[in-house]
Structures are given as structure tokens and as C-alpha cells.
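Undergrad: Sharing data_35.txt, compact mmCIF, C-alpha atoms:
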```
# COMPACT_ATOMS: atom_id res chain seq x y z
CA MET A 928 104.34 156.76 98.51
CA LEU A 929 102.94 155.48 95.19
CA GLU A 930 103.03 157.02 91.78
CA LYS A 931 101.72 156.02 88.44
CA HIS A 932 104.09 154.30 86.13
CA LYS A 933 105.25 156.63 83.44
CA ASP A 934 103.95 154.41 80.65
CA ASP A 935 100.57 153.75 82.26
CA ARG A 936 99.19 157.22 82.85
CA LYS A 937 96.04 156.46 80.88
CA SER A 938 95.30 153.51 83.19
CA PRO A 939 94.00 154.72 86.55
CA GLY A 940 95.23 152.75 89.57
CA ALA A 941 98.57 151.66 88.06
CA TRP A 942 100.89 152.41 90.98
CA ARG A 943 104.47 151.75 91.94
CA ALA A 944 106.19 152.20 95.32
CA THR A 945 108.37 155.19 96.02
CA LYS A 946 110.58 155.33 99.10
CA ASP A 947 109.05 153.59 102.13
CA GLY A 948 105.52 152.55 102.88
CA PHE A 949 104.75 154.91 105.73
CA GLY A 950 104.13 158.25 104.08
CA ASN A 951 107.54 159.38 102.88
CA GLY A 952 106.28 159.69 99.36
CA THR A 953 103.24 161.40 97.86
CA PRO A 954 100.72 159.34 95.90
CA THR A 955 99.36 160.79 92.73
CA SER A 956 96.09 159.53 91.34
CA SER A 957 93.21 160.62 89.24
CA PHE A 958 90.89 159.08 91.86
CA PHE A 959 91.28 161.89 94.42
CA PRO A 960 91.99 165.58 94.16
CA LYS A 961 95.42 166.61 95.25
CA ASP A 962 94.13 168.23 98.45
CA HIS A 963 91.77 165.33 99.39
CA PRO A 964 92.38 164.15 103.03
CA PHE A 965 91.84 160.41 102.33
CA PRO A 966 95.47 159.37 101.58
CA PHE A 967 96.75 161.13 104.69
CA LEU A 968 94.12 159.59 107.00
CA THR A 969 94.73 156.13 105.55
CA ARG A 970 98.44 156.31 106.22
CA LYS A 971 97.90 157.41 109.80
CA PHE A 972 95.30 154.69 110.42
CA LEU A 973 97.61 151.94 109.16
CA GLN A 974 100.50 153.19 111.27
CA TRP A 975 98.54 153.25 114.55
CA THR A 976 96.89 149.91 113.79
CA PHE A 977 100.29 148.30 113.36
CA TYR A 978 101.65 149.82 116.58
CA LEU A 979 98.58 148.62 118.54
CA LEU A 980 98.74 145.07 117.20
CA LEU A 981 102.50 144.59 117.54
CA PRO A 982 102.49 143.75 121.32
CA PHE A 983 99.73 141.17 120.83
CA ILE A 984 101.61 139.54 117.96
CA VAL A 985 104.80 139.30 120.01
CA PHE A 986 102.89 137.86 122.99
CA ARG A 987 101.13 135.26 120.83
CA PHE A 988 104.21 133.87 119.13
CA TYR A 989 106.37 133.98 122.26
CA PHE A 990 104.02 132.01 124.50
CA TYR A 991 102.17 129.96 121.83
CA PRO A 992 104.59 129.27 119.01
CA SER A 993 102.90 127.79 115.95
CA PRO A 994 104.06 124.43 114.61
CA PRO A 995 106.23 124.37 111.51
CA PRO A 996 104.67 123.56 108.15
CA SER A 997 104.02 119.85 107.66
CA HIS A 998 106.78 119.52 105.06
CA LEU A 999 109.30 120.94 107.58
CA ALA A 1000 108.11 118.98 110.60
CA ILE A 1001 110.55 116.45 112.07
CA PRO A 1002 109.03 112.97 112.61
CA LEU A 1003 108.86 112.09 116.28
CA SER A 1004 110.37 108.69 115.58
CA SER A 1005 113.58 110.34 114.31
CA LEU A 1006 114.23 112.28 117.52
CA PRO A 1007 116.47 110.79 120.24
CA LEU A 1008 114.34 109.69 123.21
CA ASN A 1009 115.25 108.77 126.74
CA SER A 1010 113.84 105.59 128.30
CA SER A 1011 110.91 107.33 130.03
CA GLN A 1012 109.86 108.99 126.77
CA GLU A 1013 110.06 105.68 124.92
CA GLU A 1014 107.94 103.98 127.56
CA GLY A 1015 105.33 106.74 127.28
CA ILE A 1016 105.08 106.34 123.52
CA LEU A 1017 104.91 102.55 123.79
CA SER A 1018 102.17 102.75 126.41
CA LYS A 1019 100.06 104.79 123.99
CA GLU A 1020 100.72 102.28 121.22
CA THR A 1021 99.77 99.34 123.39
CA ALA A 1022 96.61 101.02 124.69
CA CYS A 1023 94.56 99.97 121.66
CA ASP A 1024 92.33 97.00 122.38
CA TYR A 1025 91.58 95.41 119.01
CA THR A 1026 89.20 92.88 120.59
CA GLN A 1027 86.48 95.46 121.27
CA GLY A 1028 84.78 97.06 118.29
CA LYS A 1029 82.27 96.54 115.51
CA TRP A 1030 82.11 95.75 111.82
CA VAL A 1031 81.35 98.77 109.65
CA PRO A 1032 80.76 99.06 105.89
CA ASP A 1033 83.86 99.59 103.78
CA LYS A 1034 83.71 100.57 100.11
CA MET A 1035 87.37 99.76 99.43
CA GLY A 1036 87.07 95.99 99.64
CA PRO A 1037 89.94 93.45 99.70
CA LEU A 1038 93.45 93.62 98.24
CA TYR A 1039 92.93 90.51 96.11
CA ASN A 1040 90.22 88.27 94.69
CA GLY A 1041 89.61 84.68 93.74
CA THR A 1042 91.47 84.96 90.44
CA THR A 1043 94.41 87.26 91.28
CA CYS A 1044 95.77 84.95 94.01
CA GLY A 1045 96.78 81.41 93.13
CA THR A 1046 97.40 80.11 96.66
CA ILE A 1047 93.77 79.96 97.85
CA LYS A 1048 92.66 76.50 98.89
CA ASP A 1049 89.91 75.42 96.54
CA GLY A 1050 87.34 74.99 99.30
CA GLN A 1051 87.68 78.63 100.41
CA ASN A 1052 87.56 80.28 96.99
CA CYS A 1053 83.96 81.43 97.37
CA MET A 1054 84.03 83.97 94.54
CA SER A 1055 85.27 81.48 91.95
CA HIS A 1056 82.76 78.92 93.20
CA GLY A 1057 79.86 81.19 92.34
CA ARG A 1058 78.81 82.73 95.65
CA PRO A 1059 76.27 85.33 94.46
CA ASP A 1060 76.29 87.72 97.42
CA LEU A 1061 79.60 89.59 97.59
CA GLY A 1062 78.56 92.06 100.27
CA PHE A 1063 80.59 90.11 102.84
CA LEU A 1064 83.74 91.51 101.20
CA TYR A 1065 82.91 95.12 102.06
CA TRP A 1066 83.21 95.31 105.81
CA ARG A 1067 86.09 96.36 108.04
CA TRP A 1068 86.72 95.97 111.73
CA GLN A 1069 86.55 99.26 113.67
CA PRO A 1070 88.04 99.04 117.19
CA GLN A 1071 86.38 101.18 119.83
CA GLU A 1072 89.45 103.10 120.97
CA CYS A 1073 91.66 103.42 117.92
CA GLN A 1074 91.99 103.02 114.17
CA LEU A 1075 93.10 99.75 112.61
CA PRO A 1076 95.30 100.62 109.61
CA ARG A 1077 94.71 98.80 106.36
CA PHE A 1078 97.16 96.01 105.69
CA ASP A 1079 100.22 97.38 103.92
CA PRO A 1080 101.98 94.54 102.06
CA ASN A 1081 105.07 96.66 101.43
CA GLU A 1082 105.38 97.40 105.13
CA PHE A 1083 105.03 93.70 105.92
CA LEU A 1084 107.81 92.82 103.49
CA GLN A 1085 110.06 95.46 105.01
CA PHE A 1086 109.53 93.98 108.47
CA PHE A 1087 110.31 90.49 107.22
CA ALA A 1088 113.20 91.26 104.93
CA ASP A 1089 115.75 88.45 105.42
CA ARG A 1090 113.36 86.80 107.89
CA HIS A 1091 111.10 83.77 108.15
CA ILE A 1092 107.52 83.73 109.51
CA ALA A 1093 105.89 80.33 110.04
CA PHE A 1094 102.26 79.41 110.68
CA VAL A 1095 101.88 76.25 112.73
CA GLY A 1096 98.64 74.50 113.61
CA ASP A 1097 95.44 73.17 112.09
CA SER A 1098 93.43 74.22 109.03
CA MET A 1099 92.68 77.62 110.62
CA ALA A 1100 96.43 78.32 110.64
CA ARG A 1101 96.47 77.39 106.96
CA ASN A 1102 93.46 79.64 106.32
CA GLN A 1103 95.29 82.58 107.91
CA LEU A 1104 98.52 81.75 106.09
CA GLU A 1105 96.86 81.69 102.69
CA SER A 1106 95.19 85.01 103.42
CA LEU A 1107 98.56 86.55 104.24
CA VAL A 1108 100.28 85.17 101.14
CA CYS A 1109 97.47 86.52 98.96
CA MET A 1110 97.65 90.02 100.47
CA VAL A 1111 101.44 90.21 100.18
CA SER A 1112 101.40 88.81 96.64
CA SER A 1113 99.43 91.89 95.57
CA VAL A 1114 102.77 93.74 95.47
CA SER A 1115 105.38 90.98 95.20
CA PRO A 1116 105.05 87.59 93.48
CA PRO A 1117 105.71 84.59 95.77
CA ASN A 1118 107.73 81.57 94.71
CA LEU A 1119 106.70 78.19 96.10
CA VAL A 1120 110.11 76.80 97.12
CA TYR A 1121 109.02 73.78 99.19
CA LYS A 1122 106.11 71.38 99.18
CA ASN A 1123 105.89 68.05 100.94
CA GLY A 1124 104.29 65.89 98.27
CA ASP A 1125 100.58 66.29 97.56
CA ASP A 1126 99.56 66.07 101.21
CA ASP A 1127 96.72 68.60 101.01
CA ASN A 1128 99.14 71.56 101.09
CA LYS A 1129 100.06 70.81 104.70
CA PHE A 1130 103.76 71.67 104.47
CA ARG A 1131 104.74 74.51 102.16
CA ARG A 1132 107.09 77.48 101.99
CA TRP A 1133 107.03 80.58 99.81
CA HIS A 1134 109.86 82.99 99.14
CA PHE A 1135 109.41 86.67 98.29
CA ALA A 1136 112.60 87.40 96.40
CA SER A 1137 112.09 91.17 96.46
CA HIS A 1138 112.88 91.21 100.20
CA ASN A 1139 114.30 87.72 100.80
CA ALA A 1140 111.28 87.01 103.04
CA SER A 1141 109.98 83.49 103.69
CA VAL A 1142 106.48 82.36 104.74
CA SER A 1143 105.76 78.76 105.75
CA ILE A 1144 102.92 76.52 106.88
CA TYR A 1145 103.37 73.48 109.13
CA TRP A 1146 100.44 71.13 109.68
CA SER A 1147 100.24 70.33 113.40
CA PRO A 1148 96.63 70.26 114.64
CA PHE A 1149 97.62 69.73 118.30
CA LEU A 1150 101.04 71.50 118.35
CA VAL A 1151 102.20 68.65 120.58
CA LYS A 1152 103.06 65.24 119.14
CA GLY A 1153 99.95 63.51 117.85
CA VAL A 1154 98.89 60.47 115.93
CA GLU A 1155 95.83 61.28 113.86
CA LYS A 1156 92.99 58.83 113.37
CA SER A 1157 92.96 57.06 110.03
CA LYS A 1158 91.00 54.54 108.01
CA ASN A 1159 93.60 51.87 108.72
CA GLY A 1160 94.15 52.71 112.37
CA PRO A 1161 92.23 53.55 115.53
CA ASP A 1162 89.12 55.73 115.24
CA HIS A 1163 90.55 58.35 117.59
CA ASN A 1164 93.54 60.64 117.87
CA GLU A 1165 96.42 60.10 120.28
CA LEU A 1166 98.08 63.11 121.90
CA TYR A 1167 101.43 63.12 123.72
CA LEU A 1168 101.10 66.17 125.90
CA ASP A 1169 104.67 66.34 127.22
CA ARG A 1170 106.43 66.94 123.89
CA ILE A 1171 105.94 69.12 120.85
CA ASP A 1172 105.46 67.94 117.29
CA GLU A 1173 108.97 67.77 115.86
CA ARG A 1174 107.70 68.18 112.32
CA TRP A 1175 107.86 71.89 113.08
CA GLY A 1176 110.04 71.76 116.18
CA LYS A 1177 113.10 70.63 114.23
CA ASP A 1178 112.99 73.84 112.16
CA LEU A 1179 112.52 76.18 115.11
CA ASP A 1180 116.03 77.60 114.93
CA GLY A 1181 115.35 78.98 111.46
CA ILE A 1182 112.09 80.76 112.36
CA ASP A 1183 111.96 84.44 113.39
CA THR A 1184 108.20 84.71 114.00
CA ILE A 1185 105.90 81.77 114.72
CA VAL A 1186 102.10 82.07 114.57
CA LEU A 1187 100.26 79.24 116.35
CA SER A 1188 96.62 78.27 115.85
CA ILE A 1189 94.75 75.27 117.30
CA GLY A 1190 91.39 74.39 118.78
CA HIS A 1191 88.91 72.55 116.58
CA TRP A 1192 90.79 69.24 116.48
CA PHE A 1193 90.56 68.98 120.27
CA LEU A 1194 86.83 68.38 119.88
CA HIS A 1195 87.48 65.05 118.14
CA PRO A 1196 87.68 61.69 119.98
CA ALA A 1197 91.15 61.25 121.46
CA VAL A 1198 93.30 59.46 123.99
CA TYR A 1199 95.74 61.57 125.99
CA LEU A 1200 99.17 60.51 127.20
CA ASP A 1201 101.75 62.24 129.40
CA ASP A 1202 105.20 60.78 130.08
CA GLY A 1203 104.10 57.53 128.49
CA LYS A 1204 101.06 57.10 130.72
CA VAL A 1205 97.42 57.39 129.66
CA LEU A 1206 95.72 60.29 131.41
CA GLY A 1207 92.25 59.65 129.99
CA CYS A 1208 90.29 60.33 126.87
CA HIS A 1209 87.57 62.36 125.23
CA TYR A 1210 84.57 60.54 123.76
CA CYS A 1211 86.11 57.07 123.67
CA PRO A 1212 83.30 54.53 124.10
CA GLY A 1213 84.61 50.97 124.19
CA LEU A 1214 87.97 51.98 125.66
CA ASN A 1215 88.74 51.44 129.31
CA HIS A 1216 89.83 55.05 129.90
CA THR A 1217 88.51 57.86 132.05
CA GLU A 1218 86.61 60.59 130.25
CA ILE A 1219 88.38 63.84 131.07
CA GLY A 1220 87.16 66.19 128.37
CA PHE A 1221 89.44 68.43 126.35
CA TYR A 1222 89.74 71.80 128.13
CA ASP A 1223 92.61 70.81 130.43
CA VAL A 1224 94.23 68.97 127.55
CA LEU A 1225 94.18 72.10 125.39
CA ARG A 1226 95.73 74.05 128.24
CA LYS A 1227 98.47 71.46 128.69
CA ALA A 1228 99.24 71.37 124.95
CA VAL A 1229 99.55 75.16 124.72
CA ARG A 1230 101.69 75.27 127.87
CA THR A 1231 104.08 72.57 126.60
CA THR A 1232 104.38 74.38 123.27
CA LEU A 1233 105.12 77.84 124.68
CA ASN A 1234 107.56 76.54 127.29
CA THR A 1235 109.45 74.47 124.71
CA ILE A 1236 109.76 77.41 122.31
CA SER A 1237 111.00 79.66 125.13
CA ASP A 1238 113.57 77.07 126.21
CA ARG A 1239 114.89 76.37 122.73
CA ARG A 1240 114.83 79.91 121.38
CA GLY A 1241 116.03 82.01 124.28
CA ASP A 1242 118.20 83.89 121.79
CA GLY A 1243 115.11 85.59 120.33
CA ILE A 1244 111.79 84.85 118.61
CA ASP A 1245 108.30 86.35 118.28
CA VAL A 1246 105.56 83.92 119.34
CA ILE A 1247 101.95 84.78 118.49
CA LEU A 1248 98.99 82.57 119.37
CA THR A 1249 95.84 83.16 117.31
CA THR A 1250 92.86 82.52 119.56
CA PHE A 1251 89.95 80.17 118.85
CA SER A 1252 87.82 80.91 115.79
CA PRO A 1253 84.10 80.11 116.30
CA SER A 1254 81.99 78.22 113.78
CA HIS A 1255 78.48 79.32 112.74
CA PHE A 1256 76.41 76.24 112.03
CA GLU A 1257 72.67 76.73 112.26
CA GLY A 1258 71.20 73.24 112.13
CA ASP A 1259 72.68 70.22 110.35
CA TRP A 1260 75.96 70.70 108.51
CA ASP A 1261 74.68 68.82 105.44
CA LYS A 1262 71.41 70.69 105.02
CA PHE A 1263 70.63 73.76 102.94
CA GLY A 1264 71.01 76.96 104.96
CA ALA A 1265 73.54 75.71 107.52
CA CYS A 1266 75.17 79.16 107.70
CA PRO A 1267 72.80 81.46 105.78
CA LYS A 1268 73.72 84.91 107.13
CA THR A 1269 74.80 87.56 104.63
CA GLU A 1270 75.83 90.36 107.05
CA PRO A 1271 77.79 90.64 110.31
CA TYR A 1272 76.08 90.59 113.67
CA GLY A 1273 75.45 94.03 115.17
CA GLU A 1274 76.65 95.12 118.60
CA GLY A 1275 74.99 93.08 121.34
CA GLU A 1276 73.33 90.76 118.85
CA LYS A 1277 75.71 87.85 119.54
CA LEU A 1278 77.52 87.24 122.84
CA LEU A 1279 80.82 85.43 123.32
CA GLU A 1280 79.92 82.55 125.61
CA GLY A 1281 80.06 78.78 126.10
CA MET A 1282 82.81 76.75 124.47
CA ASP A 1283 83.99 79.65 122.28
CA ALA A 1284 84.63 81.79 125.36
CA ASP A 1285 86.25 78.91 127.28
CA MET A 1286 88.68 78.01 124.49
CA ARG A 1287 89.71 81.63 124.04
CA LYS A 1288 90.13 82.11 127.80
CA ILE A 1289 92.49 79.14 128.09
CA GLU A 1290 94.69 80.35 125.24
CA VAL A 1291 94.90 83.94 126.47
CA GLU A 1292 95.68 82.80 130.03
CA GLU A 1293 98.45 80.46 128.90
CA VAL A 1294 100.13 83.18 126.84
CA GLU A 1295 100.11 85.50 129.84
CA SER A 1296 101.37 82.74 132.15
CA ALA A 1297 104.22 81.91 129.75
CA ARG A 1298 105.14 85.59 129.48
CA LEU A 1299 105.43 85.84 133.25
CA GLY A 1300 107.33 82.56 133.38
CA ILE A 1301 110.19 83.71 131.17
CA GLY A 1302 110.72 86.78 133.36
CA GLY A 1303 113.70 88.85 132.29
CA ASN A 1304 113.95 87.13 128.92
CA GLN A 1305 110.81 88.86 127.63
CA LYS A 1306 112.86 91.19 125.44
CA LYS A 1307 114.11 88.20 123.42
CA VAL A 1308 111.17 85.78 123.56
CA ARG A 1309 108.17 88.00 122.86
CA LEU A 1310 104.80 86.35 123.45
CA GLU A 1311 101.44 87.71 122.34
CA ALA A 1312 97.86 86.50 121.91
CA LEU A 1313 96.25 87.50 118.62
CA ASP A 1314 92.76 87.70 120.08
CA VAL A 1315 90.36 87.35 117.15
CA THR A 1316 87.62 85.26 118.78
CA ARG A 1317 85.02 87.98 119.32
CA LEU A 1318 85.48 89.77 115.99
CA SER A 1319 85.26 86.41 114.23
CA LEU A 1320 82.15 85.43 116.18
CA MET A 1321 80.41 88.50 114.71
CA ARG A 1322 80.99 87.36 111.09
CA PRO A 1323 78.55 84.49 110.39
CA ASP A 1324 78.46 85.69 106.78
CA GLY A 1325 82.13 85.00 106.05
CA HIS A 1326 82.15 81.21 105.63
CA PRO A 1327 82.07 79.24 102.35
CA GLY A 1328 78.92 77.38 103.38
CA PRO A 1329 77.76 75.38 100.33
CA TYR A 1330 80.31 77.21 98.14
CA MET A 1331 83.05 74.99 99.43
CA TYR A 1332 82.28 73.28 96.10
CA PRO A 1333 81.89 75.01 92.73
CA PHE A 1334 78.37 76.12 91.83
CA PRO A 1335 76.55 73.81 94.25
CA PHE A 1336 73.07 74.75 93.03
CA ALA A 1337 73.67 74.54 89.31
CA ASN A 1338 71.18 71.66 89.17
CA GLY A 1339 68.87 72.92 91.90
CA VAL A 1340 68.92 72.40 95.66
CA GLY A 1341 69.51 68.77 96.53
CA GLU A 1342 68.36 66.86 99.60
CA ARG A 1343 71.85 67.04 101.09
CA VAL A 1344 74.17 70.01 100.74
CA GLN A 1345 77.55 69.95 102.44
CA ASN A 1346 78.48 73.21 104.18
CA ASP A 1347 81.68 74.64 105.58
CA CYS A 1348 80.73 77.02 108.39
CA VAL A 1349 84.15 76.78 110.09
CA HIS A 1350 86.75 78.09 107.65
CA TRP A 1351 86.67 81.51 106.01
CA CYS A 1352 86.21 82.62 102.43
CA LEU A 1353 89.30 84.11 100.79
CA PRO A 1354 89.18 87.03 100.59
CA GLY A 1355 87.10 87.45 103.73
CA PRO A 1356 87.08 88.24 107.46
CA VAL A 1357 90.29 86.25 108.06
CA ASP A 1358 92.17 89.05 106.25
CA THR A 1359 91.46 91.20 109.30
CA TRP A 1360 93.43 88.77 111.45
CA ASN A 1361 96.51 89.64 109.42
CA GLN A 1362 95.78 93.35 109.64
CA ILE A 1363 96.00 93.03 113.41
CA LEU A 1364 98.93 90.62 113.16
CA LEU A 1365 101.02 93.25 111.39
CA GLN A 1366 100.25 95.82 114.11
CA VAL A 1367 101.17 93.29 116.83
CA ILE A 1368 104.47 92.49 115.10
CA LYS A 1369 105.31 96.19 114.76
CA ARG A 1370 104.72 96.70 118.47
CA LEU A 1371 106.77 93.64 119.46
CA ARG A 1372 109.69 94.80 117.34
CA ARG A 1373 109.66 98.26 118.93
CA GLN A 1374 109.73 96.69 122.36
```
Any chance you could put this one into C-alpha cells?
TA:
Amino acid sequence: MLEKHKDDRKSPGAWRATKDGFGNGTPTSSFFPKDHPFPFLTRKFLQWTFYLLLPFIVFRFYFYPSPPPSHLAIPLSSLPLNSSQEEGILSKETACDYTQGKWVPDKMGPLYNGTTCGTIKDGQNCMSHGRPDLGFLYWRWQPQECQLPRFDPNEFLQFFADRHIAFVGDSMARNQLESLVCMVSSVSPPNLVYKNGDDDNKFRRWHFASHNASVSIYWSPFLVKGVEKSKNGPDHNELYLDRIDERWGKDLDGIDTIVLSIGHWFLHPAVYLDDGKVLGCHYCPGLNHTEIGFYDVLRKAVRTTLNTISDRRGDGIDVILTTFSPSHFEGDWDKFGACPKTEPYGEGEKLLEGMDADMRKIEVEEVESARLGIGGNQKKVRLEALDVTRLSLMRPDGHPGPYMYPFPFANGVGERVQNDCVHWCLPGPVDTWNQILLQVIKRLRRQ
């Protein structure tokens, strides 16, 4: 079977094959005498071992075929699927409940910082303002039943190539918008192509030339038409609950995805009107109006908004409502230590209850009601609640606090220290909202 190579006779064990491998040649070696039985027994043992194992090998690969190597595997998404298969895959994708989970340490940290992104509102740039504890940057949200992928700015740009996404609402909408622009700008520079004067950055639009993608912000703290209180006018807001705010409504035809966010401005004193008639007010001493609170008003405003969008954009649009974001004031807002926490709450340490739970409940219910109301048009007008209330409630450490201003304690701690325990540091927990937003958009597009 094997013989020593002619040129290697002085090197024991240098073999080469002769004829076949099952004994039709005679090995020659200095290791064994010519009449030693070992080579013969070895050949016989190998032969019978192969014959015994052959049936088991055939059985194994016939009934349990092994998968192909990973580099040869065909992606499931590239295979043609019938409707029942597609529904099965979609049901698995939609099974993840991002609202239930916990914050866990994350060494990777954010995609940007206070100096690499130029679109951060000054009051939320906690790093540049000297916040000393940066541990709040190194947490990620871990859902109970699935994994939340890290935000992929390239994937976002691919989804919004030749498209326009608009954020509409109050300062929390702006907070989320600025987070998104910062994350996407880590791979593609944005161009500010529109700005409405110097009105506190309330109306702006960026263009990402690499993918012809547009991102906008529209200031509309009630979504419906409203007249905000001012120094020269009444000391309360006026809301017209039967019509949307046309400052964003007039551009609705040019928007592919609209992200809505309201809540905190409904806590302010206001008078409410519907069809030209006063319904009542919230905290309006001195006015001859009925106190009706703000919960039903919030519900009516969301309902008017969603119905109007569905009516005007029946040809197709993604509508996403970001739920109420809780504040974390502990004591007076202008005292030192108003929101002093430096880590997230643990599981069971903070419950979603009271006004935070009520505001979220109204918004989630109205999205579901609107989805049922449009019936068969759900494939074109896709409605979704971006439910971030609970995960935000668990992040008391993520607010600017006194670092809404640069280096607030450079001259020591004063008697009064203004704190922002409502908005979020950038980077910060609000980045997670956009992580989930991207997953929601991907699912809506597949549907």
C-alpha cells in the first residue's frame, strides 16, 4: 500500500501511496519486520470499521441533513414566500414587546458626543456643559423577550432614501429629532436647508445628500390649532380641538413618515374650543369657564390629528405617536438636587402610575382606535405607538438638571439653581427611542 520514496530511504516513515488504500500494495518500513502481523491486522480493522459505520452514516444524512456552510446559506428573505409563510414571519417579528425590559450596563456608549454633533440644543448638551458623571451614557435598554439592535445609521438612510421624515410636536419631539440627526450624522453630514428665522429652532429641515433623505421638525405643542400664551396676550393657551395646526398640516402631502409627540403643554392653563364654542378650561381662575381638566382634551386632540392625517393621506403614510415622557423632579425645580440620580431605576423600583400612566394610556388607546377606524386602508396608512413611557420613567439620571447651563457650579452652589428634569441629555436615553423607532419603521414597511 505504501512504500518509501526512493530519495528518502534514510528517513524512516517517509511513505507514498501505491495502488489503492485497502491492501492491494505492500508497505515497506524499517519500523516492522517483513513478517510482522501489524500491517495486515490494521488493514482488516479499517475495512470492517468502515463497513460497520457506513449504514449509520447513510441513515444520519438521509433523515437529518446538515445545514450548508454559512457562506453558502441562502438568506430566508431572498426566498419566495406564500402569504401564510409571510404572515408567520411577520408574527414573529411583531412579537417583541419593547415596553417591557430593563436597563443594563453597556460598554460601547453612544454614537456621538457633545462636540461631534452640531445640532444639539444648547440646553441639552450636558457633556459640553461640564456634567462630571458620564456613567449615564453607558446603559442600554434590554427588552425581556428579544434583542434590540443598535441603531444603524446606514440602515436608516437606506430606508429613507428619497423620503422625508418629519417630527411634529412639542420640545420632546425636538429632543427626539435632534438625537436622530446626531446619530445619522455619524456616517453622513447633514445640510440645514430650511430654518424659519431664529425662532428657537422650531422649524428646521436637514438634507442628507448621500441618500437624498430629509428630516424635519415642526413646532406644534398641541398638534391641533393653538394660540400660545404670551407676554402681550392672555396668560393661558387657546386650543381649537376640531382642526389641526396647519403649520405642519399644509406640508402633509410631502411627508412619508410623521412622528408625533405631545403631552407636557397640556398641563398649562388653557381654554378649549370646539366648532367655535368654548368647552371649558384648565386652571383658569378669573374666567367664567367650566374647569374640565386636560385628559379628555388630550384625547380629542390626538383623535383629531390621527383622523385628519388618515383622511388627507389615504394614498400612504407612516404615522408614529411617541408616548408621554415622564419628568423626574424631586422637590423644587429651582433648588439644588432637583433630579440628582446618577443611575437608572432597577426592576420594580419605580412603578408607572398616576398622570404618567394616564397620559400614555390615552395615546396608546387613540392609536389603536384610529387603526381600527381606517379598516381596510391599514396597508397604506400605517399607525403605530412608539411606547417609550416606561423605559423613560426608569431613567431619572438622563436629564440635564443644572447642566442646562454651562458649568453651573463654577462659583459654588447658589441659593437658586435652575434644573431641567424634563428633557434629555444628548447623547442620552432619548437615543433609545430612535433605536426602537427604526425597528418599528422596518416592520411597518414589511407589512
Undergrad: Hey, which of A:Asp1127, A:Asp1097, A:Glu1270, A:Asp1202 ends up closest to Val1031 (chain A)? Count only C-alpha atoms.
TA: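 Residue with the minimum atom-to-atom distance to Val1031 (chain A): A:Glu1270.
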Undergrad: Do you know which residues are at most 8 Å from Leu1104 (chain A) counting all atoms listed in the file, after dropping those on the same chain fewer than 6 positions away, and could you put them as an NGL selection string?
TA: :A and (1094 or 1143-1144)
Undergrad: Could you check how far CA of Leu1371 (chain A) sits from CA of His1350 (chain A), in Å to one decimal?
TA: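 Answer for the CA of Leu1371 (chain A) to CA of His1350 (chain A) separation: 28.0 Å.
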Undergrad: Between CA of Phe1086 (chain A) and CA of Tyr1039 (chain A), what is the distance in Å, rounded to a tenth?
TA: 21.0 Å
Undergrad: So how far away is CA of Pro1333 (chain A) from CA of Arg1101 (chain A), in Å?
TA: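 Taking CA of Arg1101 (chain A) and CA of Pro1333 (chain A), their separation equals 20.5 Å.
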Undergrad: Would you please work out which residue, of A:Gln1362, A:Met1099, A:Arg1239, A:Val1291, is nearest to Arg1077 (chain A) when using all atoms listed in the file?
TA: A:Gln1362
Undergrad: Quick one: residues within 8 Å of Glu1257 (chain A), only C-alpha atoms counted, chain neighbours fewer than 5 positions away excluded, as a compact mmCIF listing (two decimals) with C-alpha atoms, in the coordinates of the input?
TA:
```txt
# COMPACT_ATOMS: atom_id res chain seq x y z
CA GLY A 1264 71.01 76.96 104.96
CA ALA A 1265 73.54 75.71 107.52
CA CYS A 1266 75.17 79.16 107.70
```
Undergrad: For each of A:Ile1185, A:Ala1228, A:Cys1073, A:Val1340, take the minimum atom-to-atom distance to Arg1309 (chain A), counting only C-alpha atoms, then give the residue where this is smallest.
TA: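 Of A:Ile1185, A:Ala1228, A:Cys1073, A:Val1340, the one nearest Arg1309 (chain A) is A:Ile1185, counting only C-alpha atoms.
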Undergrad: Smallest atom-to-atom distance to Tyr1167 (chain A): which of A:Gly1341, A:Pro1196, A:Gly1203, A:Gly1096, using all atoms listed in the file?
TA: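 With all atoms listed in the file as the atom set, the closest residue is A:Gly1203.
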Undergrad: Considering all atoms listed in the file, state which residue in the set A:Ser1141, A:Gln1071, A:Thr1184, A:Thr1043 is at the smallest distance from Lys1307 (chain A).
TA: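 Of A:Ser1141, A:Gln1071, A:Thr1184, A:Thr1043, the one nearest Lys1307 (chain A) is A:Thr1184, counting all atoms listed in the file.
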